[in-house]
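Student: Data file protein.cif (mmCIF, C-alpha atoms and all ligand atoms) is appended below.
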data_start
#
loop_
_atom_site.label_atom_id
_atom_site.label_comp_id
_atom_site.auth_asym_id
_atom_site.auth_seq_id
_atom_site.Cartn_x
_atom_site.Cartn_y
_atom_site.Cartn_z
CA MET A 29 26.76 -7.41 -6.06
CA ARG A 30 28.27 -8.28 -9.40
CA LEU A 31 29.19 -11.79 -8.23
CA GLN A 32 25.75 -12.25 -6.70
CA LYS A 33 24.11 -11.34 -9.99
CA LEU A 34 26.39 -13.68 -11.88
CA LEU A 35 25.63 -16.54 -9.51
CA ALA A 36 21.91 -15.86 -9.68
CA ILE A 37 22.09 -15.95 -13.48
CA ALA A 38 24.05 -19.19 -13.24
CA GLY A 39 21.18 -20.72 -11.26
CA LEU A 40 23.32 -21.14 -8.15
CA GLY A 41 20.90 -18.97 -6.19
CA ILE A 42 18.30 -21.71 -6.57
CA LEU A 43 20.76 -24.50 -5.83
CA SER A 44 21.85 -22.80 -2.62
CA HIS A 45 18.24 -22.56 -1.41
CA GLY A 46 17.76 -18.81 -1.28
CA LEU A 47 21.18 -17.86 0.03
CA PHE A 48 20.93 -15.06 -2.57
CA ALA A 49 17.62 -13.26 -2.42
CA GLN A 50 15.97 -12.96 -5.82
CA SER A 51 15.96 -9.35 -6.86
CA VAL A 52 13.62 -7.49 -9.24
CA ARG A 53 13.65 -3.85 -10.29
CA ILE A 54 10.54 -2.33 -11.91
CA TYR A 55 10.73 0.77 -14.09
CA ARG A 56 8.02 3.20 -15.19
CA ASP A 57 10.54 5.50 -16.84
CA ALA A 58 11.99 4.36 -20.17
CA ALA A 59 15.19 6.42 -19.86
CA ALA A 60 15.94 5.01 -16.39
CA PHE A 61 15.35 1.45 -17.63
CA GLU A 62 17.50 1.94 -20.71
CA SER A 63 20.40 3.36 -18.73
CA ALA A 64 20.15 0.59 -16.09
CA ALA A 65 20.10 -2.18 -18.71
CA ALA A 66 23.62 -3.01 -19.80
CA SER A 67 22.42 -3.47 -23.38
CA PHE A 68 19.13 -4.10 -25.13
CA TYR A 69 17.65 -4.53 -28.57
CA ARG A 70 14.32 -3.33 -29.91
CA ILE A 71 11.31 -5.02 -31.45
CA ASP A 72 9.31 -2.13 -32.90
CA PHE A 73 6.90 -3.89 -35.35
CA ASP A 74 7.76 -1.26 -37.96
CA ASP A 75 9.21 -3.62 -40.59
CA ILE A 76 6.11 -5.86 -40.52
CA ALA A 77 3.42 -5.24 -43.15
CA PRO A 78 0.31 -3.65 -41.60
CA ASN A 79 -2.54 -6.10 -40.86
CA THR A 80 -0.18 -9.08 -40.45
CA ASP A 81 -1.24 -11.66 -37.85
CA ILE A 82 1.91 -12.60 -35.92
CA SER A 83 0.19 -15.12 -33.61
CA GLY A 84 2.62 -17.97 -32.97
CA GLN A 85 5.52 -16.24 -34.75
CA THR A 86 8.98 -15.84 -33.27
CA ILE A 87 10.48 -12.41 -33.86
CA GLN A 88 14.08 -11.70 -32.79
CA GLY A 89 14.05 -14.51 -30.22
CA VAL A 90 10.59 -13.77 -28.80
CA THR A 91 7.58 -15.99 -29.54
CA PHE A 92 4.23 -14.20 -29.62
CA GLN A 93 1.59 -16.56 -28.27
CA ARG A 94 -2.06 -15.70 -28.77
CA THR A 95 -4.24 -16.07 -25.67
CA GLY A 96 -7.12 -13.75 -26.67
CA ALA A 97 -7.68 -11.82 -29.90
CA PRO A 98 -5.39 -12.55 -32.89
CA LEU A 99 -2.06 -10.70 -32.61
CA ILE A 100 -2.27 -8.22 -35.47
CA VAL A 101 0.33 -5.59 -36.33
CA VAL A 102 -1.35 -2.41 -37.61
CA ARG A 103 -0.57 1.18 -38.44
CA ALA A 104 -1.53 3.05 -35.28
CA GLU A 105 -3.08 5.76 -37.43
CA ASP A 106 -5.51 3.20 -38.93
CA THR A 107 -6.97 2.21 -35.55
CA TYR A 108 -10.34 3.64 -34.62
CA THR A 109 -13.06 3.51 -32.00
CA PRO A 110 -16.47 2.80 -33.54
CA THR A 111 -19.30 5.11 -32.55
CA GLU A 112 -21.84 2.33 -31.91
CA GLY A 113 -22.14 -0.31 -29.22
CA TRP A 114 -21.01 1.61 -26.15
CA ALA A 115 -23.06 2.09 -23.00
CA PRO A 116 -25.11 5.30 -23.37
CA GLY A 117 -23.13 8.40 -22.40
CA SER A 118 -19.95 6.49 -21.65
CA VAL A 119 -18.03 7.55 -24.80
CA LEU A 120 -17.90 11.26 -25.64
CA ASN A 121 -15.31 11.68 -28.45
CA PRO A 122 -14.57 8.33 -30.10
CA ASN A 123 -12.54 10.07 -32.85
CA GLN A 124 -9.75 10.80 -30.36
CA ASN A 125 -9.48 7.20 -29.09
CA LYS A 126 -6.93 5.53 -31.36
CA LEU A 127 -3.68 3.78 -30.53
CA ILE A 128 -0.37 5.70 -30.45
CA ALA A 129 2.85 4.38 -32.02
CA THR A 130 5.91 5.13 -29.89
CA SER A 131 8.26 3.98 -32.68
CA GLY A 132 7.70 4.31 -36.43
CA GLU A 133 4.09 3.87 -37.52
CA ASN A 134 3.16 0.36 -36.37
CA VAL A 135 1.93 -1.16 -33.13
CA LEU A 136 0.70 -4.58 -32.03
CA SER A 137 -3.08 -4.28 -31.69
CA PRO A 138 -4.68 -7.63 -30.81
CA GLY A 139 -7.94 -7.84 -32.77
CA GLY A 140 -6.75 -5.41 -35.45
CA ILE A 141 -7.61 -1.82 -36.32
CA VAL A 142 -11.11 -1.70 -34.81
CA LEU A 143 -11.03 -0.89 -31.09
CA GLY A 144 -14.55 -2.13 -30.51
CA PRO A 145 -16.65 -2.50 -27.37
CA GLY A 146 -16.84 -5.63 -25.25
CA PRO A 147 -17.68 -8.29 -24.66
CA ASN A 148 -16.03 -9.39 -27.92
CA PRO A 149 -12.94 -11.52 -27.21
CA ASP A 150 -11.76 -11.64 -30.84
CA ILE A 151 -11.54 -7.83 -30.85
CA GLU A 152 -10.91 -6.62 -27.32
CA ASP A 153 -9.25 -9.45 -25.38
CA ASP A 154 -5.82 -7.89 -25.79
CA SER A 155 -3.99 -10.44 -23.64
CA LEU A 156 -0.60 -11.67 -24.87
CA THR A 157 2.04 -14.19 -23.84
CA LEU A 158 5.72 -13.70 -24.74
CA ILE A 159 8.10 -16.66 -24.63
CA PHE A 160 11.82 -15.94 -24.70
CA GLN A 161 13.79 -18.52 -26.71
CA ARG A 162 16.61 -17.91 -24.26
CA PRO A 163 15.61 -16.49 -20.86
CA VAL A 164 16.48 -12.80 -20.53
CA PRO A 165 17.45 -10.58 -17.59
CA GLY A 166 15.24 -7.69 -18.68
CA PHE A 167 12.29 -6.53 -20.74
CA GLY A 168 10.47 -3.24 -21.27
CA PHE A 169 7.69 -1.95 -23.52
CA ASP A 170 5.18 0.81 -24.06
CA HIS A 171 1.64 -0.02 -22.95
CA ILE A 172 -0.77 1.85 -25.22
CA SER A 173 -4.20 2.68 -23.82
CA GLN A 174 -7.14 3.29 -26.16
CA SER A 175 -8.32 5.64 -23.42
CA ALA A 176 -6.02 6.36 -20.50
CA ASP A 177 -8.35 7.12 -17.61
CA GLY A 178 -6.03 6.02 -14.81
CA ALA A 179 -7.85 2.70 -14.25
CA SER A 180 -5.75 -0.14 -15.68
CA PHE A 181 -7.07 -3.60 -16.45
CA THR A 182 -3.74 -4.99 -17.69
CA SER A 183 -1.92 -7.38 -15.39
CA VAL A 184 1.58 -8.69 -16.01
CA PHE A 185 2.96 -12.01 -14.76
CA VAL A 186 6.68 -12.72 -15.13
CA TYR A 187 7.91 -16.33 -14.96
CA ALA A 188 11.27 -18.07 -14.65
CA ALA A 189 12.27 -21.09 -16.76
CA ASP A 190 11.21 -23.47 -13.96
CA GLY A 191 7.68 -21.99 -14.09
CA SER A 192 7.96 -20.08 -10.81
CA LEU A 193 6.44 -16.59 -10.64
CA ILE A 194 9.13 -13.90 -10.42
CA PHE A 195 6.82 -10.89 -10.27
CA SER A 196 3.27 -9.72 -11.00
CA GLU A 197 1.26 -6.53 -10.75
CA THR A 198 -1.35 -4.38 -12.49
CA ILE A 199 0.43 -2.10 -14.97
CA PRO A 200 -0.19 1.53 -13.95
CA ILE A 201 -1.53 3.87 -16.65
CA SER A 202 -1.81 7.65 -16.87
CA ASP A 203 -4.98 9.61 -16.35
CA THR A 204 -5.39 12.07 -19.23
CA ASN A 205 -8.64 13.61 -18.02
CA PRO A 206 -9.19 13.13 -14.28
CA GLY A 207 -12.82 12.73 -13.35
CA SER A 208 -13.96 12.23 -16.96
CA PRO A 209 -13.30 8.62 -18.03
CA GLN A 210 -15.82 9.00 -20.85
CA ASP A 211 -13.58 11.67 -22.41
CA ALA A 212 -10.05 10.45 -21.67
CA ARG A 213 -7.44 10.37 -24.44
CA PRO A 214 -5.01 7.62 -25.47
CA ALA A 215 -1.59 7.45 -23.85
CA ALA A 216 1.57 5.37 -23.80
CA ASP A 217 2.97 4.22 -20.48
CA PHE A 218 6.37 2.54 -20.22
CA TRP A 219 6.77 -0.57 -18.07
CA GLY A 220 10.00 -2.47 -17.63
CA ILE A 221 11.63 -5.10 -15.42
CA LEU A 222 15.21 -6.11 -14.68
CA SER A 223 15.46 -9.42 -12.86
CA ASP A 224 18.35 -11.34 -11.33
CA THR A 225 16.43 -14.52 -12.18
CA PRO A 226 16.29 -14.85 -15.97
CA ILE A 227 12.82 -14.32 -17.43
CA ALA A 228 11.47 -17.13 -19.62
CA ARG A 229 7.88 -16.00 -20.11
CA ILE A 230 5.78 -12.86 -19.67
CA VAL A 231 2.00 -13.13 -19.58
CA PHE A 232 -0.17 -10.05 -20.08
CA VAL A 233 -3.82 -10.43 -19.10
CA GLU A 234 -6.11 -7.63 -20.29
CA SER A 235 -9.44 -7.98 -18.54
CA ASP A 236 -11.68 -5.01 -19.46
CA SER A 237 -14.35 -6.78 -21.49
CA ASN A 238 -17.22 -4.31 -21.13
CA ASN A 239 -18.63 -1.44 -23.21
CA VAL A 240 -18.36 1.21 -20.51
CA HIS A 241 -15.88 3.99 -21.47
CA PRO A 242 -13.75 3.63 -24.63
CA ASP A 243 -11.02 1.73 -22.80
CA CYS A 244 -11.41 -2.03 -23.36
CA ASN A 245 -8.59 -2.17 -25.97
CA ILE A 246 -4.86 -1.75 -25.53
CA GLY A 247 -1.82 -2.00 -27.79
CA TYR A 248 1.88 -2.80 -27.43
CA ASP A 249 4.88 -1.04 -28.95
CA SER A 250 8.65 -0.52 -28.73
CA PHE A 251 9.78 -3.66 -26.92
CA ARG A 252 13.24 -3.43 -25.34
CA VAL A 253 14.77 -6.87 -24.79
CA VAL A 254 17.86 -7.19 -22.61
CA PRO A 255 19.70 -10.23 -23.97
CA GLU A 256 21.32 -12.84 -21.78
CA PRO A 257 25.09 -12.42 -22.09
CA ALA A 258 25.99 -15.59 -24.03
CA SER A 259 29.33 -16.10 -22.28
CA LEU A 260 27.79 -15.81 -18.81
CA PHE A 261 25.04 -18.23 -19.78
CA GLY A 262 27.60 -20.81 -20.92
CA LEU A 263 29.58 -20.34 -17.69
CA GLY A 264 26.39 -20.73 -15.66
CA VAL A 265 25.55 -24.07 -17.22
CA GLY A 266 29.10 -25.22 -16.59
CA LEU A 267 29.06 -24.17 -12.93
CA ALA A 268 25.63 -25.66 -12.31
CA GLY A 269 26.83 -28.90 -13.87
CA LEU A 270 29.89 -28.97 -11.60
CA VAL A 271 27.79 -28.40 -8.48
CA GLY A 272 25.43 -31.18 -9.57
CA LEU A 273 28.39 -33.54 -10.02
CA LYS A 274 29.74 -32.71 -6.56
CA ARG A 275 26.33 -33.31 -5.02
CA ARG A 276 25.94 -36.69 -6.62
CA LYS A 277 29.30 -37.83 -5.25
CA ARG A 278 28.28 -37.14 -1.68
CA CA A 301 6.34 0.81 -33.62
CA CA A 302 -8.04 -5.01 -29.39
CA CA A 303 -14.40 -0.29 -19.90
CA CA A 304 -10.41 -5.89 -23.37
#
Render the structure in this file as structure tokens.
Tutor:
Amino acid sequence: MRLQKLLAIAGLGILSHGLFAQSVRIYRDAAAFESAAASFYRIDFDDIAPNTDISGQTIQGVTFQRTGAPLIVVRAEDTYTPTEGWAPGSVLNPNQNKLIATSGENVLSPGGIVLGPGPNPDIEDDSLTLIFQRPVPGFGFDHISQSADGASFTSVFVYAADGSLIFSETIPISDTNPGSPQDARPAADFWGILSDTPIARIVFVESDSNNVHPDCNIGYDSFRVVPEPASLFGLGVGLAGLVGLKRRKR
């Protein structure tokens, strides 16, 4: 198992045409993810001044690429759901629908502090693309729902360095008030992935762009990045190079 993982990281799994099946483990429990990851570091947004637009910035080896609303770091406590603009009867208690910080005070809230109704891409298209400067074997984060009513509109797509899709799904969210989506509360739901194929890019697509229920905004907090072991990476390049040399001689 250990050798298989090492070879997969080295890229030999691809060279040997699927001799080693690509393996992915998905976590919904932060503690389980953190104990399964050999090591990880955090990006918590808490040392960034509130209301900073980090679109295009690289933070601790991760580039934040804007694909919807501008990528603004805010104090979670400052976020709010406006009372106007929602479909009649579809929002009962807007005061309760603000983002939750799962570390410190700050979260990433594309569009900023106002969690306004759709369609309004500059406010509520909370999509995000992460590019890893060096591909990583794992990533986890807390998905923050403006209103967690059990119906998620956030999809995640995980890509390898060669552009192939490693994994995708709709991120599950909690249901804080079953049967009453107009009165559901915010919640944080952990999502994490460990992959034998190093991850080069993660694309989040957030597709609720309507004004029905106070749930068309999401936030992101408490990233856990599992770094590629530098020594293994160097070894992998060396091994892949050797195999390439052998192949050319044939
Ligand atoms: Ca935080
Ligand atoms: Ca937003
Ligand atoms: Ca909605
Ligand atoms: Ca949205």
Student: Need the shell around A:Arg213: protein/DNA/RNA residues with any atom at most 7 Å away, counting all atoms listed in the file. Skip same-chain ones fewer than 3 positions apart. Format as a list in words?
Tutor: Gln124, Asn125, Ser175, Ala176 and Thr204 of chain A
Student: Pull the closest atom pair for each residue of chain A that gets at most 12 Å from ligand CA 301 (chain A), along with the distance in Å to one decimal, counting all atoms listed in the file, ordering rows by chain and then ascending residue number, as a tab-separated table.
Tutor:
residue	atom	partner	partner_atom	distance
A:Arg70	CA	A:CA301	CA	9.7
A:Ile71	CA	A:CA301	CA	8.0
A:Asp72	CA	A:CA301	CA	4.2
A:Phe73	CA	A:CA301	CA	5.0
A:Asp74	CA	A:CA301	CA	5.0
A:Asp75	CA	A:CA301	CA	8.7
A:Ile76	CA	A:CA301	CA	9.6
A:Ala77	CA	A:CA301	CA	11.7
A:Pro78	CA	A:CA301	CA	11.0
A:Val101	CA	A:CA301	CA	9.2
A:Val102	CA	A:CA301	CA	9.2
A:Arg103	CA	A:CA301	CA	8.4
A:Ala104	CA	A:CA301	CA	8.3
A:Glu105	CA	A:CA301	CA	11.3
A:Leu127	CA	A:CA301	CA	10.9
A:Ile128	CA	A:CA301	CA	8.9
A:Ala129	CA	A:CA301	CA	5.2
A:Thr130	CA	A:CA301	CA	5.7
A:Ser131	CA	A:CA301	CA	3.8
A:Gly132	CA	A:CA301	CA	4.7
A:Glu133	CA	A:CA301	CA	5.4
A:Asn134	CA	A:CA301	CA	4.2
A:Val135	CA	A:CA301	CA	4.9
A:Leu136	CA	A:CA301	CA	8.0
A:Ser137	CA	A:CA301	CA	10.9
A:Phe169	CA	A:CA301	CA	10.6
A:Asp170	CA	A:CA301	CA	9.6
A:His171	CA	A:CA301	CA	11.7
A:Ile172	CA	A:CA301	CA	11.1
A:Ala216	CA	A:CA301	CA	11.8
A:Gly247	CA	A:CA301	CA	10.4
A:Tyr248	CA	A:CA301	CA	8.4
A:Asp249	CA	A:CA301	CA	5.2
A:Ser250	CA	A:CA301	CA	5.6
A:Phe251	CA	A:CA301	CA	8.8
A:Arg252	CA	A:CA301	CA	11.6
Student: Quick one: write out the picked residues with C-alpha atoms as a CSV table (one decimal), keeping the file's coordinate frame?
Tutor:
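Result written to again.csv:
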chain,number,residue,atom,x,y,z
A,70,ARG,CA,14.3,-3.3,-29.9
A,71,ILE,CA,11.3,-5.0,-31.4
A,72,ASP,CA,9.3,-2.1,-32.9
A,73,PHE,CA,6.9,-3.9,-35.4
A,74,ASP,CA,7.8,-1.3,-38.0
A,75,ASP,CA,9.2,-3.6,-40.6
A,76,ILE,CA,6.1,-5.9,-40.5
A,77,ALA,CA,3.4,-5.2,-43.2
A,78,PRO,CA,0.3,-3.6,-41.6
A,101,VAL,CA,0.3,-5.6,-36.3
A,102,VAL,CA,-1.4,-2.4,-37.6
A,103,ARG,CA,-0.6,1.2,-38.4
A,104,ALA,CA,-1.5,3.0,-35.3
A,105,GLU,CA,-3.1,5.8,-37.4
A,127,LEU,CA,-3.7,3.8,-30.5
A,128,ILE,CA,-0.4,5.7,-30.4
A,129,ALA,CA,2.8,4.4,-32.0
A,130,THR,CA,5.9,5.1,-29.9
A,131,SER,CA,8.3,4.0,-32.7
A,132,GLY,CA,7.7,4.3,-36.4
A,133,GLU,CA,4.1,3.9,-37.5
A,134,ASN,CA,3.2,0.4,-36.4
A,135,VAL,CA,1.9,-1.2,-33.1
A,136,LEU,CA,0.7,-4.6,-32.0
A,137,SER,CA,-3.1,-4.3,-31.7
A,169,PHE,CA,7.7,-2.0,-23.5
A,170,ASP,CA,5.2,0.8,-24.1
A,171,HIS,CA,1.6,0.0,-23.0
A,172,ILE,CA,-0.8,1.8,-25.2
A,216,ALA,CA,1.6,5.4,-23.8
A,247,GLY,CA,-1.8,-2.0,-27.8
A,248,TYR,CA,1.9,-2.8,-27.4
A,249,ASP,CA,4.9,-1.0,-29.0
A,250,SER,CA,8.6,-0.5,-28.7
A,251,PHE,CA,9.8,-3.7,-26.9
A,252,ARG,CA,13.2,-3.4,-25.3
Student: Go through the chains and note each residue within 9 Å of ligand CA 303 (chain A), using only C-alpha atoms and all ligand atoms, then give the set as a PyMOL selection string.
Tutor: chain A and resi 118+145-146+181+236-245
Student: With C-alpha atoms retained, export the selected residues as a compact mmCIF listing (two decimals), keeping the file's coordinate frame.
Tutor:
# COMPACT_ATOMS: atom_id res chain seq x y z
CA SER A 118 -19.95 6.49 -21.65
CA PRO A 145 -16.65 -2.50 -27.37
CA GLY A 146 -16.84 -5.63 -25.25
CA PHE A 181 -7.07 -3.60 -16.45
CA ASP A 236 -11.68 -5.01 -19.46
CA SER A 237 -14.35 -6.78 -21.49
CA ASN A 238 -17.22 -4.31 -21.13
CA ASN A 239 -18.63 -1.44 -23.21
CA VAL A 240 -18.36 1.21 -20.51
CA HIS A 241 -15.88 3.99 -21.47
CA PRO A 242 -13.75 3.63 -24.63
CA ASP A 243 -11.02 1.73 -22.80
CA CYS A 244 -11.41 -2.03 -23.36
CA ASN A 245 -8.59 -2.17 -25.97
Student: Give the residue list for ligand CA 302 (chain A) at 8 Å, counting all atoms listed in the file, as a PDB file with C-alpha atoms, in the coordinates of the input, sorted by chain and then by residue number.
Tutor:
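Produced file pocket37.pdb, reproduced below:
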ATOM      1  CA  ALA A  97      -7.680 -11.820 -29.900  1.00  0.00           C
ATOM      2  CA  SER A 137      -3.080  -4.280 -31.690  1.00  0.00           C
ATOM      3  CA  PRO A 138      -4.680  -7.630 -30.810  1.00  0.00           C
ATOM      4  CA  GLY A 139      -7.940  -7.840 -32.770  1.00  0.00           C
ATOM      5  CA  GLY A 140      -6.750  -5.410 -35.450  1.00  0.00           C
ATOM      6  CA  ILE A 141      -7.610  -1.820 -36.320  1.00  0.00           C
ATOM      7  CA  VAL A 142     -11.110  -1.700 -34.810  1.00  0.00           C
ATOM      8  CA  LEU A 143     -11.030  -0.890 -31.090  1.00  0.00           C
ATOM      9  CA  GLY A 144     -14.550  -2.130 -30.510  1.00  0.00           C
ATOM     10  CA  ASP A 150     -11.760 -11.640 -30.840  1.00  0.00           C
ATOM     11  CA  ILE A 151     -11.540  -7.830 -30.850  1.00  0.00           C
ATOM     12  CA  GLU A 152     -10.910  -6.620 -27.320  1.00  0.00           C
ATOM     13  CA  ASP A 153      -9.250  -9.450 -25.380  1.00  0.00           C
ATOM     14  CA  ASP A 154      -5.820  -7.890 -25.790  1.00  0.00           C
ATOM     15  CA  CYS A 244     -11.410  -2.030 -23.360  1.00  0.00           C
ATOM     16  CA  ASN A 245      -8.590  -2.170 -25.970  1.00  0.00           C
ATOM     17  CA  ILE A 246      -4.860  -1.750 -25.530  1.00  0.00           C
ATOM     18  CA  GLY A 247      -1.820  -2.000 -27.790  1.00  0.00           C
TER      19      GLY A 247
END
Student: In terms of the shortest atom-to-atom distance over all atoms listed in the file, which of A:Thr157, A:Gly166, A:Asn205, A:Val119 is closest to A:Leu222?
Tutor: A:Gly166
Student: Go ahead and compute the interatomic distance for atom CA of A:Val253 and atom CA of A:Thr91, in Å to one decimal.
Tutor: 12.5 Å
Student: From the list A:Asp177, A:Glu256, A:Asp217, A:Asp190, which residue is nearest A:Gln161 when using all atoms listed in the file?
Tutor: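 Smallest separation from A:Gln161 among the options: A:Glu256.
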Student: Do you know which residues lie at most 12 Å from (-0.8, -13.2, -25.7), with coordinates as in the file and all atoms listed in the file counted, and could you write them as a ChimeraX atom specification?
Tutor: /A:82-85,90-100,136-139,153-159,182-185,229-234,247-248
